[in-house]
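Peer 1: Sharing a structure here in structure tokens format.
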Amino acid sequence: MKKEITLRLNGYETTVAVEPHEKLLDVLRDKLGVKSPKYGCGRGECGACSVLLNGKSVRTCIMYAVEADGQEIVTVEGLEQDGLTPLQKSFLSHNSFQCGFCAPGIIISATELLISNPHPGEEEIREAIAGNLCRCTGYGSVVDAIVDLTRRE
Amino acid sequence: MKTFDYFKPSTLVEALDLYEKYGSLAQFLMGGTDLVVNIDNSLVAPDYLIDLKGVPEFSRLQLAGSYLEIGASVTFSELVESSAVRDHFPVLWEASRTVASNGVRNRATLVGNICSAVPSADSAPALLVLQALVVVQNRAGARELPIADFFLGPRRTVLVPGDIVTGIRLPLPPASFGSSYIKMGRYDGEDLAQVCVATFVNDEGAVRIAFGAVAPKPVRAYEAEEFLNGKVLAEGVLEQAVPLAMKSISPISDVRASKEYRLHISGVLLKRSLRASSSRLQGKGPEYGMSLV
């Protein structure tokens, strides 16, 4: 039984018809054209599908789209509407990502952290991204980029 | 992919009525961090999902009289950010911080964690030493169960079809207490525990101990508690308590650790946790939240 849901997606009111069993991730990617969240593990462990739901990072692979009805979603596409964010620029200048598959999830997790805690310690940074798995770079350059940004700003 | 119908009732009565109508064809949904994975793995195949996140009273997190009331939709992130939890129930605060990862804690609920009833549930040892009460509602009425009577075995609880756990009530501890939670995993991060232990001591000499991931369900170590009650927790006394605590646990070997390793680590962590709790009771460190592994 299809249900019509309304999201505030990256600042715009969006209405879409979904089946109750459709994951939020699939609806974002396949019906709404938002491609930054990725399908990784499909069980909430790797963090590649993260988006901000009402300002909090959530795993869209283990969430049904109907659960998001009436709520606010921000993805990387929304964060960079006015150009790359300082966090993204810091990741670029530190060569933090290689294949980039985990990057949107890490940007979401780090953005959430910096909103509530603009000057986190390294342990807090590592804890904030502990649920984002990267198989290329080994996290060092990711942490460096966040640390560097929080020292500059 | 099998589909289902989705309901989001806005009152408890409506939720109970929906379950009455659909019975075992329905499942209650809260954070979904366990249930959605279980549906994907065909461990459960509901025809109807009843999402309880729309019931306003489930989001309550407040001190009421001599209890802290934690509603069924309160997430681990909300517990971590709560000063009432941090100030009065720091052992639950410490345990909540170790649950999975931040992105999961933003959805996963305390009540969901105990209803899933996996033996390694991070919150369970903390709730056991805090003597939590589980508030259950069904169409016949409400009842409260001590958390120690709640778990039956792996993924099994005393709940019967039609029950909804509406919240947890935590009795406020006396002014002077010390407590600690230690989770041992294969690495820091989002892994499940190989062993987890919580201890609680107060200035009247009472000692409470609970383990997770080392028995078919989270357990209290009553025999060790009885031995330690009223004693000064000196090193020799702690050594003597270890074999008594081992009688309460029966770990298995699995992908995370062998039975022998779990037994050994349980003793090591028990002593560390008791040392930390006892030191905190005396107003000394280690600070709450510091790694004790």
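The way I read the labels, and the way they are meant: chains A, B, ... in the order of the structure tokens, residue 1 as the first residue of every chain, and ligand 1 as the first ligand shown, with later ones counted on from there.
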Going by DSSP on the backbone, which bits of stretch 18-123 of chain B are alpha helix (DSSP H)? Write them as a ChimeraX atom specification, please.
Peer 2: /B:18-22,35-40,76-81,83-88,90-97,102-105,110-116,123
Peer 1: Can you write out the residues you just picked, keeping C-alpha atoms, as a JSON list (two decimals), in the first residue's frame?
Peer 2:
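Below is the file that was written, part-v2.json:
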[["chain", "number", "residue", "atom", "x", "y", "z"],
["B", 18, "LEU", "CA", -3.81, -2.21, 16.42],
["B", 19, "TYR", "CA", -1.98, -5.14, 18.00],
["B", 20, "GLU", "CA", -5.30, -6.57, 19.19],
["B", 21, "LYS", "CA", -6.50, -6.46, 15.60],
["B", 22, "TYR", "CA", -3.43, -7.95, 13.88],
["B", 35, "LEU", "CA", 14.24, -4.86, 13.88],
["B", 36, "VAL", "CA", 14.96, -3.58, 10.36],
["B", 37, "VAL", "CA", 18.08, -5.75, 10.15],
["B", 38, "ASN", "CA", 16.09, -8.73, 11.41],
["B", 39, "ILE", "CA", 13.39, -8.12, 8.78],
["B", 40, "ASP", "CA", 16.07, -7.85, 6.07],
["B", 76, "PHE", "CA", 20.95, 6.34, 23.74],
["B", 77, "SER", "CA", 22.10, 9.74, 22.45],
["B", 78, "GLU", "CA", 19.43, 11.40, 24.59],
["B", 79, "LEU", "CA", 20.65, 9.44, 27.63],
["B", 80, "VAL", "CA", 24.25, 10.44, 26.95],
["B", 81, "GLU", "CA", 23.22, 14.10, 26.71],
["B", 83, "SER", "CA", 22.44, 15.66, 32.93],
["B", 84, "ALA", "CA", 19.99, 13.69, 35.11],
["B", 85, "VAL", "CA", 21.45, 10.45, 33.78],
["B", 86, "ARG", "CA", 25.03, 11.65, 34.05],
["B", 87, "ASP", "CA", 24.61, 13.02, 37.59],
["B", 88, "HIS", "CA", 22.46, 10.34, 39.20],
["B", 90, "PRO", "CA", 26.59, 7.58, 35.73],
["B", 91, "VAL", "CA", 26.92, 3.82, 35.24],
["B", 92, "LEU", "CA", 24.06, 3.95, 32.71],
["B", 93, "TRP", "CA", 25.66, 7.02, 31.16],
["B", 94, "GLU", "CA", 28.94, 5.14, 30.75],
["B", 95, "ALA", "CA", 27.19, 2.11, 29.25],
["B", 96, "SER", "CA", 25.09, 4.23, 26.87],
["B", 97, "ARG", "CA", 28.22, 5.83, 25.45],
["B", 102, "ASN", "CA", 26.87, 7.68, 17.29],
["B", 103, "GLY", "CA", 24.71, 7.24, 14.18],
["B", 104, "VAL", "CA", 23.08, 4.17, 15.73],
["B", 105, "ARG", "CA", 22.75, 5.76, 19.19],
["B", 110, "LEU", "CA", 17.17, 1.87, 25.77],
["B", 111, "VAL", "CA", 13.84, 0.04, 25.82],
["B", 112, "GLY", "CA", 14.52, -1.46, 22.40],
["B", 113, "ASN", "CA", 17.92, -2.64, 23.63],
["B", 114, "ILE", "CA", 16.41, -4.67, 26.48],
["B", 115, "CYS", "CA", 13.48, -5.92, 24.36],
["B", 116, "SER", "CA", 15.98, -7.29, 21.81],
["B", 123, "SER", "CA", 22.58, -1.28, 28.86]]
Peer 1: Kindly provide, as a ChimeraX atom specification, the residues of chain B having any atom no farther than 10 Å from an atom of chain A, counting only C-alpha atoms.
Peer 2: /B:1-8,29-41,48-49,51,53-54,77,97-98,100-108,188-191
Peer 1: Residues at most 7 Å from B:Gly153, counting only C-alpha atoms, excluding those fewer than 3 positions away in the same chain, as a CSV table (one decimal) with N, CA and C atoms, in the first residue's frame?
Peer 2:
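Ended up saving to around_6.csv:
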chain,number,residue,atom,x,y,z
B,156,ARG,N,15.2,-13.6,24.4
B,156,ARG,CA,13.9,-14.0,25.0
B,156,ARG,C,13.7,-13.2,26.3
B,157,THR,N,12.5,-12.7,26.4
B,157,THR,CA,12.1,-12.0,27.7
B,157,THR,C,10.8,-12.5,28.2
B,216,PRO,N,23.7,-16.9,29.0
B,216,PRO,CA,22.6,-16.8,28.0
B,216,PRO,C,21.8,-15.5,28.1
B,217,LYS,N,21.9,-14.8,29.2
B,217,LYS,CA,21.2,-13.5,29.4
B,217,LYS,C,22.1,-12.7,30.3
Peer 1: Just the residues within 8 Å of stretch 220-234 of chain B, please, counting only C-alpha atoms, with nothing from its chain fewer than 5 positions along; format it as a list in words.
Peer 2: Pro125, Leu128, Val129, Ala148, Glu204, Gly205, Ala206, Val207, Arg208, Ile209, Ala210, Phe211, Ala241, Val242, Leu244, Ala245, Lys247, Ser248, Ile249, Leu274, Arg275 and Ser278 of chain B
Peer 1: Give me, as a ChimeraX atom specification, all polymer residues having an atom no more than 12 Å from A:Leu92, counting only C-alpha atoms and skipping those fewer than 2 positions away in the same chain.
Peer 2: /A:84-90,94-98,100,103,107,141-142,144-146,149
